[in-house]
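Peer 1: Encoded as structure tokens, here's the structure I'll be asking about.
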Number of protein chains: 2
Amino acid sequence: MEPGPCSVIESFDMIGSKWKLIIINDLQNGEKRFNELKRSTEASSRTLSRVLQDLNEDNIVEKRIEDGNPVASYYSLTDKGLALFPVFEEINDWAEEWLE
Amino acid sequence: MEPGPCSVIESFDMIGSKWKLIIINDLQNGEKRFNELKRSTEASSRTLSRVLQDLNEDNIVEKRIEDGNPVASYYSLTDKGLALFPVFEEINDWAEEWLE
């Protein structure tokens, strides 16, 4: 089945921001805590919170809370988010060829 | 050669916006005039101008002026822009699987 233009435009909306791409790319290495993501992506807390919430609402990222004191929040890609891997492979190949 | 993280982050910056993705995707069908792009992407003139200029500065889109009265401006993808085709194929496949 061919996707209608609407679902493609919807996907551009869902993943089309520098920070969304950076965070999805980073989570491909596995689950991370908020502060780990903050360190590795160099996003501000505010940007990181906002983007993680957007990605969570679109079911690309899931949040897991682990009891403790303080409570720890872990973020990881859902199956839908993991399925974006080939997109990142192609961006990587393109960057390698055109931006080196 | 493996691209350093910097070139990947640079590529997220270069193509990572909803409007950049919409416009690059649209130009894959061939050269278009400003008003044609405006109609097909439903971008505002202001957004379209800004994004075309950014993509032109990053050598993803080129502008061709044709003499006449009024002068006509045509936009098309450069080789670097055309090389993004596999990225869009993967986004399309993902949208087909996860957003239908």
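We name chains A, B, ... following the order of the structure tokens; residues begin at 1 in each chain, and ligands are numbered from 1 as shown.
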Could I have chain A as a PDB file with C-alpha atoms, in the first residue's frame after it is superimposed on chain B by least squares, pairing all C-alpha atoms in sequence order?
Peer 2:
```
ATOM      1  CA  MET A   1      35.734   6.252   6.518  1.00  0.00           C
ATOM      2  CA  GLU A   2      33.356   6.618   9.478  1.00  0.00           C
ATOM      3  CA  PRO A   3      31.863  10.103   9.716  1.00  0.00           C
ATOM      4  CA  GLY A   4      32.590  11.813  13.006  1.00  0.00           C
ATOM      5  CA  PRO A   5      29.569  12.617  15.185  1.00  0.00           C
ATOM      6  CA  CYS A   6      30.039  16.237  14.110  1.00  0.00           C
ATOM      7  CA  SER A   7      29.167  15.619  10.466  1.00  0.00           C
ATOM      8  CA  VAL A   8      26.054  13.675  11.483  1.00  0.00           C
ATOM      9  CA  ILE A   9      24.939  16.451  13.831  1.00  0.00           C
ATOM     10  CA  GLU A  10      25.684  18.916  11.012  1.00  0.00           C
ATOM     11  CA  SER A  11      23.385  16.917   8.727  1.00  0.00           C
ATOM     12  CA  PHE A  12      20.603  16.978  11.353  1.00  0.00           C
ATOM     13  CA  ASP A  13      20.972  20.753  11.351  1.00  0.00           C
ATOM     14  CA  MET A  14      20.956  20.892   7.556  1.00  0.00           C
ATOM     15  CA  ILE A  15      17.841  18.811   6.894  1.00  0.00           C
ATOM     16  CA  GLY A  16      16.162  18.609  10.314  1.00  0.00           C
ATOM     17  CA  SER A  17      13.089  20.754  10.035  1.00  0.00           C
ATOM     18  CA  LYS A  18       9.604  19.882   8.903  1.00  0.00           C
ATOM     19  CA  TRP A  19       9.697  22.483   6.124  1.00  0.00           C
ATOM     20  CA  LYS A  20      13.140  21.524   4.875  1.00  0.00           C
ATOM     21  CA  LEU A  21      11.982  17.910   4.588  1.00  0.00           C
ATOM     22  CA  ILE A  22       8.743  18.927   2.857  1.00  0.00           C
ATOM     23  CA  ILE A  23      10.548  21.118   0.325  1.00  0.00           C
ATOM     24  CA  ILE A  24      13.393  18.674  -0.432  1.00  0.00           C
ATOM     25  CA  ASN A  25      10.793  15.917  -0.838  1.00  0.00           C
ATOM     26  CA  ASP A  26       8.765  18.068  -3.183  1.00  0.00           C
ATOM     27  CA  LEU A  27      11.755  19.014  -5.361  1.00  0.00           C
ATOM     28  CA  GLN A  28      12.564  15.347  -5.932  1.00  0.00           C
ATOM     29  CA  ASN A  29       9.908  15.498  -8.642  1.00  0.00           C
ATOM     30  CA  GLY A  30      12.014  18.060 -10.525  1.00  0.00           C
ATOM     31  CA  GLU A  31      12.558  21.789 -10.875  1.00  0.00           C
ATOM     32  CA  LYS A  32       9.786  24.096  -9.684  1.00  0.00           C
ATOM     33  CA  ARG A  33       9.009  27.782  -9.667  1.00  0.00           C
ATOM     34  CA  PHE A  34       8.489  29.572  -6.367  1.00  0.00           C
ATOM     35  CA  ASN A  35       4.730  29.768  -6.775  1.00  0.00           C
ATOM     36  CA  GLU A  36       4.454  26.121  -7.773  1.00  0.00           C
ATOM     37  CA  LEU A  37       6.342  25.158  -4.615  1.00  0.00           C
ATOM     38  CA  LYS A  38       4.135  27.462  -2.588  1.00  0.00           C
ATOM     39  CA  ARG A  39       1.043  25.732  -3.924  1.00  0.00           C
ATOM     40  CA  SER A  40       2.301  22.175  -3.581  1.00  0.00           C
ATOM     41  CA  THR A  41       3.859  22.540  -0.117  1.00  0.00           C
ATOM     42  CA  GLU A  42       1.293  24.983   1.295  1.00  0.00           C
ATOM     43  CA  ALA A  43       4.141  26.910   2.922  1.00  0.00           C
ATOM     44  CA  SER A  44       3.765  30.647   3.470  1.00  0.00           C
ATOM     45  CA  SER A  45       5.868  32.856   1.152  1.00  0.00           C
ATOM     46  CA  ARG A  46       7.944  33.892   4.123  1.00  0.00           C
ATOM     47  CA  THR A  47       8.683  30.326   5.268  1.00  0.00           C
ATOM     48  CA  LEU A  48       9.340  29.159   1.721  1.00  0.00           C
ATOM     49  CA  SER A  49      11.805  32.027   1.042  1.00  0.00           C
ATOM     50  CA  ARG A  50      13.665  31.421   4.266  1.00  0.00           C
ATOM     51  CA  VAL A  51      13.900  27.654   3.853  1.00  0.00           C
ATOM     52  CA  LEU A  52      14.932  27.867   0.185  1.00  0.00           C
ATOM     53  CA  GLN A  53      17.657  30.324   1.137  1.00  0.00           C
ATOM     54  CA  ASP A  54      18.942  28.042   3.928  1.00  0.00           C
ATOM     55  CA  LEU A  55      18.921  25.038   1.593  1.00  0.00           C
ATOM     56  CA  ASN A  56      20.686  27.095  -1.072  1.00  0.00           C
ATOM     57  CA  GLU A  57      23.393  28.190   1.389  1.00  0.00           C
ATOM     58  CA  ASP A  58      23.953  24.536   2.310  1.00  0.00           C
ATOM     59  CA  ASN A  59      24.201  23.665  -1.401  1.00  0.00           C
ATOM     60  CA  ILE A  60      21.173  21.353  -1.310  1.00  0.00           C
ATOM     61  CA  VAL A  61      18.980  23.516  -3.559  1.00  0.00           C
ATOM     62  CA  GLU A  62      20.029  25.638  -6.514  1.00  0.00           C
ATOM     63  CA  LYS A  63      18.251  28.621  -7.996  1.00  0.00           C
ATOM     64  CA  ARG A  64      18.084  29.376 -11.708  1.00  0.00           C
ATOM     65  CA  ILE A  65      16.916  32.714 -13.025  1.00  0.00           C
ATOM     66  CA  GLU A  66      15.263  32.882 -16.416  1.00  0.00           C
ATOM     67  CA  ASP A  67      15.097  36.215 -18.169  1.00  0.00           C
ATOM     68  CA  GLY A  68      11.712  37.571 -19.023  1.00  0.00           C
ATOM     69  CA  ASN A  69       9.208  40.012 -17.749  1.00  0.00           C
ATOM     70  CA  PRO A  70       8.779  39.272 -14.940  1.00  0.00           C
ATOM     71  CA  VAL A  71      11.979  37.327 -14.313  1.00  0.00           C
ATOM     72  CA  ALA A  72      11.239  33.695 -13.351  1.00  0.00           C
ATOM     73  CA  SER A  73      13.083  31.845 -10.564  1.00  0.00           C
ATOM     74  CA  TYR A  74      13.360  28.066 -10.698  1.00  0.00           C
ATOM     75  CA  TYR A  75      14.472  25.858  -7.832  1.00  0.00           C
ATOM     76  CA  SER A  76      15.933  22.372  -8.058  1.00  0.00           C
ATOM     77  CA  LEU A  77      18.004  19.938  -6.038  1.00  0.00           C
ATOM     78  CA  THR A  78      21.785  19.898  -6.465  1.00  0.00           C
ATOM     79  CA  ASP A  79      23.625  16.558  -6.645  1.00  0.00           C
ATOM     80  CA  LYS A  80      24.050  16.817  -2.865  1.00  0.00           C
ATOM     81  CA  GLY A  81      20.296  17.325  -2.498  1.00  0.00           C
ATOM     82  CA  LEU A  82      19.436  14.520  -4.931  1.00  0.00           C
ATOM     83  CA  ALA A  83      21.683  12.205  -2.902  1.00  0.00           C
ATOM     84  CA  LEU A  84      19.159  12.479  -0.051  1.00  0.00           C
ATOM     85  CA  PHE A  85      16.698  10.344  -2.020  1.00  0.00           C
ATOM     86  CA  PRO A  86      17.399   7.119  -0.020  1.00  0.00           C
ATOM     87  CA  VAL A  87      16.694   9.004   3.243  1.00  0.00           C
ATOM     88  CA  PHE A  88      13.244   9.916   1.929  1.00  0.00           C
ATOM     89  CA  GLU A  89      12.629   6.381   0.710  1.00  0.00           C
ATOM     90  CA  GLU A  90      13.276   5.105   4.236  1.00  0.00           C
ATOM     91  CA  ILE A  91      11.059   7.777   5.834  1.00  0.00           C
ATOM     92  CA  ASN A  92       8.371   6.789   3.338  1.00  0.00           C
ATOM     93  CA  ASP A  93       8.670   3.105   4.239  1.00  0.00           C
ATOM     94  CA  TRP A  94       8.528   3.968   7.934  1.00  0.00           C
ATOM     95  CA  ALA A  95       5.442   6.160   7.459  1.00  0.00           C
ATOM     96  CA  GLU A  96       3.789   3.390   5.482  1.00  0.00           C
ATOM     97  CA  GLU A  97       4.407   0.857   8.231  1.00  0.00           C
ATOM     98  CA  TRP A  98       3.777   2.981  11.323  1.00  0.00           C
ATOM     99  CA  LEU A  99       1.455   5.843  10.415  1.00  0.00           C
ATOM    100  CA  GLU A 100      -1.180   4.263   8.207  1.00  0.00           C
TER     101      GLU A 100
END
```
Peer 1: Would you mind writing down, as a ChimeraX atom specification, each residue of chain A that DSSP on the backbone assigns to strand (DSSP E or B)?
Peer 2: /A:17,32-33,61-66,72-77
Peer 1: What parts of stretch 14-61 of chain B does DSSP call alpha helix (DSSP H)? I'd like the answer as a PyMOL selection string.
Peer 2: chain B and resi 14-15+18-27+34-41+45-57
